[in-house]
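What follows is one structure encoded as C-alpha cells, with my remarks underneath.
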Amino acid sequence: MSDLTLESISLDTIVNLVKERDPDQTEFQQAVQEVMESVVPFVKENEKYHRSGLLERLIEPERMVMFRVPWEDDDGKYQVNRGYRVQFNSALGPYKGGLRFHPSVNLSIIKFLAFEQTFKNSLTGLPLGGGKGGSDFNPWEKSDGEIMRFCQSFMNELFRYVSSDTDVPAGDIGVGEREVGYMFGQYKRLTAEFTGVLTGKGLAYGGSKVRMQATGYGLLYFAEEMLKQKNDSIEGKTVVISGSGNVAQFACKKSIELGAKVITLSDSGGYIVDDEGIDEEKFEYIKKLKNEKRGRIKEYAEKYDCEFREGKPWGVDCDVALPCATQNEIEREDAQSLCKNDVLCVAEGANMPCTDEAVKVFHDAGVLYGPGKASNAGGVAVSGLEMTQNAKRLSWSFEDVDEKLVEIMKTIHEKCVEHGKNGNSINYVDGANIAGFIKVADAMIAQGHV
Ligand code: NDP
C-alpha cells in the first residue's frame, strides 16, 4: 500500500484497498466503509491527517493471531475449534475488547469488531486501544465441564499475547462471567500472577460493580440524551428490544426503571410480544431463565401467556427500538417497518446491528439514530474502570461506578453533537466516527511511523 495523496484520498480508494486485500471479509469491509464515509471528508479538510499513511495504517490491524483450540467433550472425543485475537490499534492504550464464542465467528467478524472497538474506546476518553477475539465454538447445550475445558484450552494459547498492560479481553456474545472466570483461572495458573488481565470478572475476585449492567444501562443513558435533543424523554415510551442476553436484559431493566414499557425480547428462535409490558418480576424470571437455566425466550410466552412469534421484532409498533442481539439484524425492510410505525429513536446495543441501507432509511426519515460505537460504549467504559480499580487494588461502590458511567455516556453524547451537528439535526454516525478518529489519529501521528 502506498501513501495516499490529498487528491487520491477518497472513500472508494480506501474501501478498495480493503476489498483487494481481503475480498471475502464482507463485515470488515462494511465497517470500514461506514467509518470512512464520515472520516474521509473530514480528513480532506484537515491537512495534518493527509500524511504518514494514516488512513492506510488505520485499516490494517497491528497484529492478528489465529490458533488451534483442542478440547475434550463429555464423551471423551477430541474437538477442535479455531481461536482468534485481533490487536487492532494500541495508539491510546493496551488493546481492549471482548471475546465472542459463536459458530458464526470468523476473521472478518473479529476484524470488524476490533476496528469498531478502536473508535469506541477512543470515545470513552479512557486510555484504551482496540482489539477483539473469540472462537467459532458453540457454547449452546455444552455442559459446564465442556465449557471449562474449552475456556482453559483457549487460554493455554491466548495467554502468550495478553496481560494487564498489553491486551485486556472481556466478554461478548457467548462469553459471560462464567467463561471469564474459567479463563482468568487458567491465566493465573499459567503465569502465577493475579492481575487484571480480563475484565467482566466476578465481584469476589476483582470484578467491578456495574460491569454486568454497564452496556445496557449506558445504552439507556445515551438514548435519554438523544431524546432530550427533541425535548423528550424515555418515560412513558413503548420500547422494542431484540436479544435476551446481557445487553438486552439490562437495557430492559433500565428502561423499566426510567418509566418506559418494554414489550419485546428475542433470541435466535423468535420473539415475545408482551403488550402489558415486562415488569421487575418478569425481568427477574428472564434473568434466571437465560443466565442460570440457559432456556429459550419462548418459555416466557408460555409462562406469562403472551404471544411468541418467529423472526425479528421490528414490525411491532414502538417509539424506541433497541437492537441488542447481533450484527445486521435490522435490514432495509425492517427499518422501513419501524419508520412506518413512527419510531422516534433507534439506539444500538449490539455492534453494527443496522445495515448501511437501514441507517439511510432512518436518516432520511429524520429518526434519532445512535450507532453502537457511541451508544453501547458503556460496557467497555466500565471495563476501563475495572482496570483502574484492579491497578489500584481498590473496589468502588455501585453508586460511584454508575455515576461515572452516566458522566461518560453524557460526554460521548456531547462529542457526537459537537462533530455531528448538521443544521437542526445531529448525525450521530459522523459525530461518533469523527470524534473517535481525531484522538486515535493524533496519537498515531505523535507516535511516529509505527
Ligand atoms: P449474549 O451472548 O449475552 O446475548 C446475545 C443475544 O443475542 C442472545 O439472546 C442471542 O440469542 C441473540 N443472538 C445472537 N446471535 C443471534 C443471531 N444471529 N440471530 C438472532 N439472535 C441472535 O451477548 P451480549 O448481550 O453480550 O451481546 C449482544 C450484542 O451486544 C453483540 O453485538 C455484542 O457485540 C454487543 N456488545 C456487548 C457488550 C457487552 O458488554 N456484553 C458491549 C458492547 C457491545 P441465542 O441465545 O438464541 O443465540
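Within each chain, counting starts at residue 1; across the C-alpha cells, chains are named A, B, ... in the order shown, with ligands numbered 1 upward in that order.
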- [ ] Tell me, as a list in words, which residues lie within 12 Å of Glu257 of chain A, counting only C-alpha atoms; anything in the same chain fewer than 4 positions away does not count.
- [x] Tyr217, Leu220, Tyr221, Ile234, Glu235, Gly236, Phe250, Ala251, Cys252, Lys253, Lys261, Val262, Ile278, Asp279, Glu280 and Phe283 of chain A
For the residues in that selection, give me N, CA and C atoms as a CSV table (one decimal), in the first residue's frame.
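The resulting file, part_1.csv, is shown below:
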chain,number,residue,atom,x,y,z
A,217,TYR,N,-27.3,-0.4,30.6
A,217,TYR,CA,-27.6,0.9,31.3
A,217,TYR,C,-27.1,2.1,30.5
A,220,LEU,N,-29.2,3.1,27.7
A,220,LEU,CA,-30.4,3.9,28.0
A,220,LEU,C,-30.0,5.4,28.4
A,221,TYR,N,-28.8,5.5,29.1
A,221,TYR,CA,-28.3,6.9,29.4
A,221,TYR,C,-28.1,7.7,28.1
A,234,ILE,N,-37.5,9.1,27.7
A,234,ILE,CA,-37.9,7.7,27.5
A,234,ILE,C,-39.1,7.4,28.4
A,235,GLU,N,-39.4,8.2,29.4
A,235,GLU,CA,-40.6,7.9,30.2
A,235,GLU,C,-41.9,7.8,29.4
A,236,GLY,N,-42.6,6.8,29.7
A,236,GLY,CA,-43.9,6.6,29.0
A,236,GLY,C,-43.8,6.0,27.6
A,250,PHE,N,-30.2,-5.8,30.5
A,250,PHE,CA,-30.0,-4.6,31.3
A,250,PHE,C,-30.5,-3.4,30.6
A,251,ALA,N,-30.7,-3.5,29.3
A,251,ALA,CA,-31.4,-2.4,28.6
A,251,ALA,C,-32.8,-2.4,29.0
A,252,CYS,N,-33.4,-3.6,29.1
A,252,CYS,CA,-34.8,-3.8,29.5
A,252,CYS,C,-34.9,-3.3,31.0
A,253,LYS,N,-34.0,-3.7,31.9
A,253,LYS,CA,-34.2,-3.3,33.3
A,253,LYS,C,-34.1,-1.7,33.4
A,261,LYS,N,-42.1,1.3,28.7
A,261,LYS,CA,-42.8,0.0,28.7
A,261,LYS,C,-42.1,-0.9,27.6
A,262,VAL,N,-41.4,-2.0,28.1
A,262,VAL,CA,-40.7,-2.8,27.2
A,262,VAL,C,-41.7,-4.0,26.8
A,278,ILE,N,-43.0,-5.7,30.3
A,278,ILE,CA,-42.2,-6.5,31.2
A,278,ILE,C,-41.9,-5.7,32.4
A,279,ASP,N,-42.3,-6.3,33.6
A,279,ASP,CA,-42.1,-5.6,34.8
A,279,ASP,C,-40.9,-6.2,35.6
A,280,GLU,N,-40.6,-5.7,36.8
A,280,GLU,CA,-39.4,-6.1,37.6
A,280,GLU,C,-39.5,-7.7,37.8
A,283,PHE,N,-38.8,-9.5,34.7
A,283,PHE,CA,-37.4,-9.3,34.4
A,283,PHE,C,-36.5,-10.4,35.2
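For ligand 1, the neighbouring polymer residues at 6 Å or closer are Gly171, Asp172, Ile173, Gly174, Thr215, Gly243, Ser244, Gly245, Asn246, Val247, Ala248, Asp267, Ser268, Gly269, Cys324, Ala325, Thr326, Gln327, Gly349, Ala350, Asn351, Asn376 and Gly379 of chain A, only C-alpha atoms and all ligand atoms being used.
For Ala432 of chain A, the non-local neighbours within 7 Å, defined as residues at least 3 positions apart in the same chain or in other chains and counting only C-alpha atoms, are Ala374, Cys416, Tyr428, Val429, Ala435 and Gly436 of chain A.
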When you look at Asn433 of chain A with a cut-off of 7 Å (counting only C-alpha atoms), what residues show up, excluding the ones that are within fewer than 3 positions of it in the same chain? I need them as a tab-separated table (two decimals) with all heavy atoms, in the first residue's frame.
chain	number	residue	atom	x	y	z
A	35	VAL	N	-17.22	3.83	8.61
A	35	VAL	CA	-16.38	4.81	9.31
A	35	VAL	C	-15.81	5.82	8.31
A	35	VAL	O	-15.81	7.04	8.55
A	35	VAL	CB	-15.24	4.09	10.09
A	35	VAL	CG1	-14.20	5.10	10.58
A	35	VAL	CG2	-15.81	3.31	11.27
A	38	SER	N	-17.63	8.99	7.00
A	38	SER	CA	-17.56	10.20	7.83
A	38	SER	C	-16.15	10.78	7.83
A	38	SER	O	-15.96	12.00	7.78
A	38	SER	CB	-17.89	9.88	9.29
A	38	SER	OG	-19.07	9.15	9.43
A	39	VAL	N	-15.15	9.87	7.91
A	39	VAL	CA	-13.78	10.33	8.17
A	39	VAL	C	-13.11	10.94	6.92
A	39	VAL	O	-12.40	11.95	7.04
A	39	VAL	CB	-12.94	9.15	8.74
A	39	VAL	CG1	-11.46	9.43	8.66
A	39	VAL	CG2	-13.36	8.87	10.19
A	119	PHE	N	-12.43	2.92	17.73
A	119	PHE	CA	-13.06	4.25	17.78
A	119	PHE	C	-13.96	4.38	19.01
A	119	PHE	O	-14.05	5.44	19.62
A	119	PHE	CB	-13.86	4.50	16.49
A	119	PHE	CG	-12.99	4.42	15.28
A	119	PHE	CD1	-12.88	3.24	14.55
A	119	PHE	CD2	-12.22	5.51	14.88
A	119	PHE	CE1	-12.04	3.15	13.46
A	119	PHE	CE2	-11.37	5.43	13.79
A	119	PHE	CZ	-11.28	4.25	13.08
A	429	VAL	N	-23.72	9.31	13.49
A	429	VAL	CA	-22.71	8.45	12.85
A	429	VAL	C	-21.46	9.29	12.58
A	429	VAL	O	-20.34	8.92	12.98
A	429	VAL	CB	-23.26	7.85	11.53
A	429	VAL	CG1	-22.18	7.05	10.82
A	429	VAL	CG2	-24.48	6.99	11.81
A	430	ASP	N	-21.65	10.44	11.94
A	430	ASP	CA	-20.50	11.32	11.68
A	430	ASP	C	-19.87	11.77	12.99
A	430	ASP	O	-18.64	11.78	13.14
A	430	ASP	CB	-20.95	12.57	10.90
A	430	ASP	CG	-21.19	12.27	9.43
A	430	ASP	OD1	-20.79	11.17	8.98
A	430	ASP	OD2	-21.79	13.12	8.74
A	436	GLY	N	-14.15	9.94	17.48
A	436	GLY	CA	-13.31	8.77	17.78
A	436	GLY	C	-12.01	8.81	16.99
A	436	GLY	O	-10.93	8.53	17.51
A	437	PHE	N	-12.12	9.21	15.72
A	437	PHE	CA	-10.95	9.26	14.84
A	437	PHE	C	-9.91	10.27	15.31
A	437	PHE	O	-8.71	9.97	15.33
A	437	PHE	CB	-11.42	9.62	13.41
A	437	PHE	CG	-10.31	10.00	12.48
A	437	PHE	CD1	-9.54	9.02	11.86
A	437	PHE	CD2	-10.03	11.34	12.21
A	437	PHE	CE1	-8.51	9.36	11.00
A	437	PHE	CE2	-9.00	11.69	11.36
A	437	PHE	CZ	-8.24	10.70	10.75
- [ ] Report the residues of segment 95-304 of chain A whose backbone DSSP state falls under strand (DSSP E or B), written as number ranges by chain.
- [x] A: 95-101, 129-135, 163, 167-170, 172, 175, 238-242, 261-267, 270-273
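Within 12 Å of Arg178 of chain A, once only C-alpha atoms are used and residues closer than 4 positions along the same chain are dropped, the contacting residues are Pro139, Asp144, Gly145, Ile147, Met148, Cys151, Ala170, Gly171, Gly174, Tyr182, Met183, Phe184, Gly185, Gly200, Lys201, Gly202, Leu203, Met212, Asn291 and Glu292 of chain A.
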Open item on the list: Using DSSP assignments from the backbone, pull out every residue in segment 82-270 of chain A that falls under helix (DSSP H, G or I) and give it to me as a PyMOL selection string.
Closed with: chain A and resi 107-123+144-158+177-191+203-205+211-228+246-257
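Computed from the coordinates, the atom CA of Gln30 of chain A to atom CA of Glu56 of chain A distance equals 16.2 Å.
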Could you give me, as JSON lines, a per-residue list for segment 329-372 of chain A showing, wherever an atom lies at most 12 Å from an atom of segment 388-412 of chain A, the closest pair of atoms and their distance in Å to one decimal, using only C-alpha atoms and sorting by chain then residue number from low to high?
{"residue": "A:Gly370", "atom": "CA", "partner": "A:Ile412", "partner_atom": "CA", "distance": 11.2}
{"residue": "A:Pro371", "atom": "CA", "partner": "A:Ile412", "partner_atom": "CA", "distance": 11.7}
{"residue": "A:Gly372", "atom": "CA", "partner": "A:Ile412", "partner_atom": "CA", "distance": 11.7}
Would you mind exporting all heavy atoms of the selected residues as an mmCIF file, in the first residue's frame?
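So out35.cif came out as:
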data_model
loop_
_atom_site.group_PDB
_atom_site.id
_atom_site.type_symbol
_atom_site.label_atom_id
_atom_site.label_comp_id
_atom_site.auth_asym_id
_atom_site.auth_seq_id
_atom_site.Cartn_x
_atom_site.Cartn_y
_atom_site.Cartn_z
ATOM 1 N N GLY A 370 -28.667 6.250 16.919
ATOM 2 C CA GLY A 370 -27.394 6.220 17.660
ATOM 3 C C GLY A 370 -26.591 4.977 17.308
ATOM 4 O O GLY A 370 -27.039 3.858 17.587
ATOM 5 N N PRO A 371 -25.419 5.134 16.676
ATOM 6 C CA PRO A 371 -24.609 3.965 16.310
ATOM 7 C C PRO A 371 -23.950 3.339 17.531
ATOM 8 O O PRO A 371 -23.578 4.038 18.483
ATOM 9 C CB PRO A 371 -23.548 4.566 15.373
ATOM 10 C CG PRO A 371 -23.401 5.973 15.819
ATOM 11 C CD PRO A 371 -24.749 6.404 16.351
ATOM 12 N N GLY A 372 -23.773 2.016 17.469
ATOM 13 C CA GLY A 372 -23.254 1.261 18.606
ATOM 14 C C GLY A 372 -21.956 1.790 19.168
ATOM 15 O O GLY A 372 -21.742 1.757 20.378
#
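In terms of minimum interatomic distance to Tyr49 of chain A, A:Ile9 ranks closest within A:Leu99, A:Val80, A:Ile9, A:Val197, counting only C-alpha atoms.
The closest residue to Ile263 of chain A, picked from A:Leu344, A:Leu289, A:Cys306, A:Met226 and counting only C-alpha atoms, is A:Cys306.
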For Leu113 of chain A, find every residue with an atom within 12 Å (counting only C-alpha atoms), except residues of its own chain fewer than 6 positions away, and show them as a compact mmCIF listing (two decimals) with all heavy atoms, in the first residue's frame.
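So selection-v3.txt came out as:
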# COMPACT_ATOMS: atom_id res chain seq x y z
N GLU A 27 -17.96 -8.27 6.37
CA GLU A 27 -18.31 -7.47 7.56
C GLU A 27 -17.25 -6.41 7.81
O GLU A 27 -17.57 -5.27 8.17
CB GLU A 27 -18.45 -8.36 8.80
CG GLU A 27 -19.63 -9.31 8.78
CD GLU A 27 -19.32 -10.63 8.08
OE1 GLU A 27 -18.19 -10.78 7.55
OE2 GLU A 27 -20.21 -11.49 8.04
N PHE A 28 -15.98 -6.78 7.62
CA PHE A 28 -14.90 -5.81 7.83
C PHE A 28 -15.00 -4.68 6.79
O PHE A 28 -14.89 -3.50 7.13
CB PHE A 28 -13.54 -6.52 7.76
CG PHE A 28 -12.38 -5.59 7.97
CD1 PHE A 28 -12.31 -4.79 9.09
CD2 PHE A 28 -11.35 -5.53 7.03
CE1 PHE A 28 -11.24 -3.91 9.29
CE2 PHE A 28 -10.28 -4.66 7.21
CZ PHE A 28 -10.23 -3.85 8.34
N GLN A 29 -15.27 -5.05 5.55
CA GLN A 29 -15.43 -4.01 4.51
C GLN A 29 -16.58 -3.07 4.87
O GLN A 29 -16.47 -1.85 4.72
CB GLN A 29 -15.74 -4.67 3.16
CG GLN A 29 -14.57 -5.44 2.57
CD GLN A 29 -15.00 -6.41 1.48
OE1 GLN A 29 -16.11 -6.35 0.98
NE2 GLN A 29 -14.11 -7.33 1.12
N GLN A 30 -17.66 -3.64 5.37
CA GLN A 30 -18.84 -2.82 5.74
C GLN A 30 -18.48 -1.83 6.86
O GLN A 30 -18.86 -0.66 6.81
CB GLN A 30 -19.95 -3.77 6.21
CG GLN A 30 -21.25 -3.11 6.59
CD GLN A 30 -22.27 -4.13 7.15
OE1 GLN A 30 -22.13 -5.34 6.97
NE2 GLN A 30 -23.30 -3.64 7.82
N ALA A 31 -17.71 -2.31 7.84
CA ALA A 31 -17.34 -1.44 8.97
C ALA A 31 -16.41 -0.32 8.50
O ALA A 31 -16.55 0.84 8.90
CB ALA A 31 -16.69 -2.26 10.07
N VAL A 32 -15.45 -0.66 7.63
CA VAL A 32 -14.52 0.37 7.13
C VAL A 32 -15.30 1.41 6.31
O VAL A 32 -15.12 2.62 6.47
CB VAL A 32 -13.40 -0.28 6.26
CG1 VAL A 32 -12.58 0.79 5.55
CG2 VAL A 32 -12.49 -1.15 7.14
N PRO A 61 -4.79 -4.10 10.95
CA PRO A 61 -4.53 -4.41 12.36
C PRO A 61 -3.03 -4.46 12.65
O PRO A 61 -2.25 -4.87 11.80
CB PRO A 61 -5.13 -5.80 12.55
CG PRO A 61 -6.00 -6.05 11.38
CD PRO A 61 -5.49 -5.20 10.27
N TYR A 84 -9.14 -16.74 17.86
CA TYR A 84 -8.67 -15.50 17.21
C TYR A 84 -8.39 -14.43 18.26
O TYR A 84 -9.11 -14.33 19.26
CB TYR A 84 -9.75 -14.89 16.31
CG TYR A 84 -10.26 -15.76 15.20
CD1 TYR A 84 -11.30 -16.66 15.44
CD2 TYR A 84 -9.74 -15.66 13.91
CE1 TYR A 84 -11.80 -17.45 14.40
CE2 TYR A 84 -10.24 -16.43 12.87
CZ TYR A 84 -11.27 -17.33 13.14
OH TYR A 84 -11.77 -18.11 12.12
N ARG A 85 -7.38 -13.61 18.03
CA ARG A 85 -7.26 -12.35 18.74
C ARG A 85 -6.71 -11.33 17.74
O ARG A 85 -5.63 -11.55 17.16
CB ARG A 85 -6.33 -12.45 19.96
CG ARG A 85 -6.30 -11.19 20.83
CD ARG A 85 -7.62 -10.96 21.58
NE ARG A 85 -7.63 -9.70 22.33
CZ ARG A 85 -8.72 -9.14 22.83
NH1 ARG A 85 -9.91 -9.70 22.68
NH2 ARG A 85 -8.65 -8.00 23.50
N VAL A 86 -7.46 -10.28 17.50
CA VAL A 86 -7.03 -9.22 16.60
C VAL A 86 -6.69 -8.01 17.45
O VAL A 86 -7.55 -7.45 18.13
CB VAL A 86 -8.12 -8.89 15.55
CG1 VAL A 86 -7.72 -7.66 14.73
CG2 VAL A 86 -8.34 -10.08 14.62
N GLN A 87 -5.41 -7.63 17.43
CA GLN A 87 -4.94 -6.45 18.19
C GLN A 87 -4.86 -5.31 17.19
O GLN A 87 -3.89 -5.18 16.45
CB GLN A 87 -3.59 -6.79 18.83
CG GLN A 87 -3.71 -7.97 19.79
CD GLN A 87 -2.43 -8.35 20.49
OE1 GLN A 87 -1.34 -8.20 19.92
NE2 GLN A 87 -2.52 -8.86 21.72
N PHE A 88 -5.93 -4.53 17.13
CA PHE A 88 -6.07 -3.61 16.00
C PHE A 88 -5.25 -2.35 16.15
O PHE A 88 -4.54 -1.95 15.24
CB PHE A 88 -7.55 -3.26 15.76
CG PHE A 88 -7.85 -3.12 14.30
CD1 PHE A 88 -8.58 -4.09 13.64
CD2 PHE A 88 -7.38 -2.05 13.56
CE1 PHE A 88 -8.82 -4.00 12.28
CE2 PHE A 88 -7.62 -1.94 12.19
CZ PHE A 88 -8.34 -2.92 11.56
N LYS A 96 -8.05 -3.46 23.93
CA LYS A 96 -9.16 -3.78 24.84
C LYS A 96 -10.36 -4.11 23.98
O LYS A 96 -10.71 -3.37 23.06
CB LYS A 96 -9.47 -2.54 25.70
CG LYS A 96 -10.60 -2.74 26.67
CD LYS A 96 -10.09 -3.24 28.00
CE LYS A 96 -11.16 -3.87 28.84
NZ LYS A 96 -11.40 -5.31 28.61
N GLY A 97 -11.02 -5.21 24.29
CA GLY A 97 -12.23 -5.60 23.56
C GLY A 97 -12.55 -7.04 23.90
O GLY A 97 -11.68 -7.80 24.35
N GLY A 98 -13.80 -7.42 23.68
CA GLY A 98 -14.30 -8.69 24.17
C GLY A 98 -13.90 -9.90 23.35
O GLY A 98 -13.27 -9.80 22.30
N LEU A 99 -14.29 -11.06 23.88
CA LEU A 99 -14.14 -12.35 23.22
C LEU A 99 -15.53 -12.87 22.89
O LEU A 99 -16.41 -12.84 23.76
CB LEU A 99 -13.43 -13.35 24.13
CG LEU A 99 -12.01 -12.96 24.57
CD1 LEU A 99 -11.51 -13.91 25.67
CD2 LEU A 99 -11.05 -12.98 23.38
N ARG A 100 -15.73 -13.32 21.66
CA ARG A 100 -17.04 -13.84 21.23
C ARG A 100 -16.93 -15.33 20.94
O ARG A 100 -16.07 -15.73 20.15
CB ARG A 100 -17.50 -13.08 19.98
CG ARG A 100 -18.80 -13.61 19.41
CD ARG A 100 -19.28 -12.79 18.23
NE ARG A 100 -19.70 -11.44 18.61
CZ ARG A 100 -20.39 -10.62 17.82
NH1 ARG A 100 -20.71 -10.98 16.60
NH2 ARG A 100 -20.74 -9.41 18.24
N VAL A 105 -18.41 -17.05 14.15
CA VAL A 105 -17.17 -16.26 14.26
C VAL A 105 -16.16 -16.65 13.18
O VAL A 105 -15.90 -17.82 12.92
CB VAL A 105 -16.54 -16.43 15.67
CG1 VAL A 105 -15.08 -16.01 15.70
CG2 VAL A 105 -17.34 -15.63 16.70
N ASN A 106 -15.63 -15.62 12.51
CA ASN A 106 -14.54 -15.81 11.54
C ASN A 106 -13.67 -14.56 11.58
O ASN A 106 -13.96 -13.61 12.33
CB ASN A 106 -15.09 -16.09 10.13
CG ASN A 106 -16.00 -14.96 9.65
OD1 ASN A 106 -15.76 -13.80 9.96
ND2 ASN A 106 -17.04 -15.30 8.92
N LEU A 107 -12.62 -14.54 10.77
CA LEU A 107 -11.67 -13.42 10.85
C LEU A 107 -12.33 -12.09 10.46
O LEU A 107 -12.03 -11.04 11.05
CB LEU A 107 -10.45 -13.70 9.96
CG LEU A 107 -9.28 -12.74 10.15
CD1 LEU A 107 -8.79 -12.72 11.60
CD2 LEU A 107 -8.12 -13.13 9.22
N PHE A 119 -12.43 2.92 17.73
CA PHE A 119 -13.06 4.25 17.78
C PHE A 119 -13.96 4.38 19.01
O PHE A 119 -14.05 5.44 19.62
CB PHE A 119 -13.86 4.50 16.49
CG PHE A 119 -12.99 4.42 15.28
CD1 PHE A 119 -12.88 3.24 14.55
CD2 PHE A 119 -12.22 5.51 14.88
CE1 PHE A 119 -12.04 3.15 13.46
CE2 PHE A 119 -11.37 5.43 13.79
CZ PHE A 119 -11.28 4.25 13.08
N LYS A 120 -14.63 3.27 19.34
CA LYS A 120 -15.50 3.28 20.52
C LYS A 120 -14.67 3.59 21.78
O LYS A 120 -15.04 4.42 22.60
CB LYS A 120 -16.15 1.90 20.66
CG LYS A 120 -17.09 1.78 21.83
CD LYS A 120 -17.53 0.34 22.06
CE LYS A 120 -18.17 -0.27 20.83
NZ LYS A 120 -18.83 -1.56 21.13
N ASN A 121 -13.54 2.90 21.90
CA ASN A 121 -12.72 3.08 23.09
C ASN A 121 -12.16 4.49 23.15
O ASN A 121 -12.05 5.08 24.23
CB ASN A 121 -11.59 2.04 23.11
CG ASN A 121 -12.13 0.62 23.30
OD1 ASN A 121 -13.34 0.44 23.41
ND2 ASN A 121 -11.25 -0.36 23.36
N GLY A 130 -7.74 -0.71 20.78
CA GLY A 130 -8.85 -1.53 20.28
C GLY A 130 -8.43 -2.93 19.90
O GLY A 130 -7.43 -3.11 19.20
N GLY A 131 -9.18 -3.92 20.35
CA GLY A 131 -8.92 -5.31 19.97
C GLY A 131 -10.19 -6.12 20.10
O GLY A 131 -11.21 -5.62 20.60
N LYS A 132 -10.18 -7.34 19.64
CA LYS A 132 -11.33 -8.24 19.78
C LYS A 132 -10.86 -9.65 19.50
O LYS A 132 -9.85 -9.85 18.82
CB LYS A 132 -12.42 -7.85 18.77
CG LYS A 132 -13.80 -8.31 19.13
CD LYS A 132 -14.54 -7.35 20.04
CE LYS A 132 -15.86 -7.94 20.52
NZ LYS A 132 -16.66 -6.98 21.27
N GLY A 133 -11.58 -10.62 20.01
CA GLY A 133 -11.18 -12.01 19.76
C GLY A 133 -12.34 -12.94 19.91
O GLY A 133 -13.49 -12.51 20.06
N GLY A 134 -12.05 -14.22 19.86
CA GLY A 134 -13.12 -15.19 20.04
C GLY A 134 -12.83 -16.50 19.38
O GLY A 134 -11.69 -16.83 19.06
N ASP A 172 -18.29 -11.05 25.43
CA ASP A 172 -19.13 -10.61 24.31
C ASP A 172 -20.16 -11.73 24.13
O ASP A 172 -20.41 -12.49 25.08
CB ASP A 172 -18.28 -10.40 23.04
CG ASP A 172 -19.04 -9.69 21.92
OD1 ASP A 172 -19.25 -8.47 22.02
OD2 ASP A 172 -19.45 -10.35 20.95
N ILE A 173 -20.70 -11.90 22.94
CA ILE A 173 -21.69 -12.96 22.73
C ILE A 173 -21.10 -14.31 23.16
O ILE A 173 -19.99 -14.66 22.75
CB ILE A 173 -22.13 -13.01 21.25
CG1 ILE A 173 -22.94 -11.76 20.90
CG2 ILE A 173 -22.96 -14.27 20.98
CD1 ILE A 173 -23.38 -11.69 19.44
N THR A 326 -27.31 -8.88 17.51
CA THR A 326 -26.12 -9.19 16.70
C THR A 326 -26.02 -8.26 15.48
O THR A 326 -26.91 -7.44 15.26
CB THR A 326 -26.16 -10.67 16.29
OG1 THR A 326 -24.89 -11.05 15.77
CG2 THR A 326 -27.23 -10.95 15.25
N GLN A 327 -24.96 -8.45 14.69
CA GLN A 327 -24.76 -7.56 13.53
C GLN A 327 -25.79 -7.82 12.43
O GLN A 327 -26.26 -8.94 12.25
CB GLN A 327 -23.35 -7.69 12.95
CG GLN A 327 -22.97 -9.04 12.37
CD GLN A 327 -22.40 -9.99 13.40
OE1 GLN A 327 -22.31 -9.66 14.56
NE2 GLN A 327 -22.05 -11.18 12.96
N ALA A 350 -26.26 -3.63 20.30
CA ALA A 350 -25.34 -4.57 19.64
C ALA A 350 -24.33 -3.80 18.79
O ALA A 350 -24.45 -2.58 18.61
CB ALA A 350 -26.12 -5.53 18.77
N ASN A 351 -23.35 -4.50 18.27
CA ASN A 351 -22.38 -3.89 17.35
C ASN A 351 -22.85 -4.05 15.91
O ASN A 351 -23.12 -5.18 15.48
CB ASN A 351 -21.01 -4.55 17.54
CG ASN A 351 -20.34 -4.08 18.81
OD1 ASN A 351 -20.28 -2.88 19.09
ND2 ASN A 351 -19.84 -5.02 19.62
N MET A 352 -22.98 -2.94 15.21
CA MET A 352 -23.39 -2.89 13.81
C MET A 352 -24.67 -3.69 13.52
O MET A 352 -24.72 -4.44 12.55
CB MET A 352 -22.24 -3.39 12.91
CG MET A 352 -22.22 -2.77 11.53
SD MET A 352 -20.64 -3.07 10.68
CE MET A 352 -20.74 -4.80 10.23
N PRO A 353 -25.71 -3.53 14.35
CA PRO A 353 -26.94 -4.30 14.09
C PRO A 353 -27.72 -3.77 12.88
O PRO A 353 -28.59 -4.48 12.38
CB PRO A 353 -27.75 -4.11 15.37
CG PRO A 353 -27.26 -2.84 15.94
CD PRO A 353 -25.82 -2.72 15.58
N GLY A 372 -23.77 2.02 17.47
CA GLY A 372 -23.25 1.26 18.61
C GLY A 372 -21.96 1.79 19.17
O GLY A 372 -21.74 1.76 20.38
N LYS A 373 -21.07 2.28 18.32
CA LYS A 373 -19.76 2.65 18.87
C LYS A 373 -19.90 3.79 19.88
O LYS A 373 -19.04 3.95 20.74
CB LYS A 373 -18.74 2.95 17.77
CG LYS A 373 -18.93 4.23 17.03
CD LYS A 373 -17.71 4.54 16.18
CE LYS A 373 -17.53 3.59 15.02
NZ LYS A 373 -18.62 3.61 14.01
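Atom CA of Asn341 of chain A is found 10.5 Å from atom CA of Val320 of chain A.
Ranking A:Thr355, A:Met66, A:Cys345, A:Gly420 by their shortest atom-to-atom distance to Lys228 of chain A, with only C-alpha atoms included, puts A:Cys345 first.
Picture a line from atom CA of Lys188 of chain A to atom CA of Val65 of chain A; it runs 21.1 Å.
Using only C-alpha atoms, the shortest contact distance between His449 of chain A and any of A:Arg57, A:Arg189, A:Arg294, A:Lys44 is found at A:Arg57.
Residues within 10 Å of Tyr300 of chain A, counting only C-alpha atoms and excluding same-chain residues fewer than 6 positions away, are Leu265, Tyr271, Ile272, Val273, Asp274, Lys282, Tyr285, Ile286, Leu289, Cys306, Glu307 and Phe308 of chain A.
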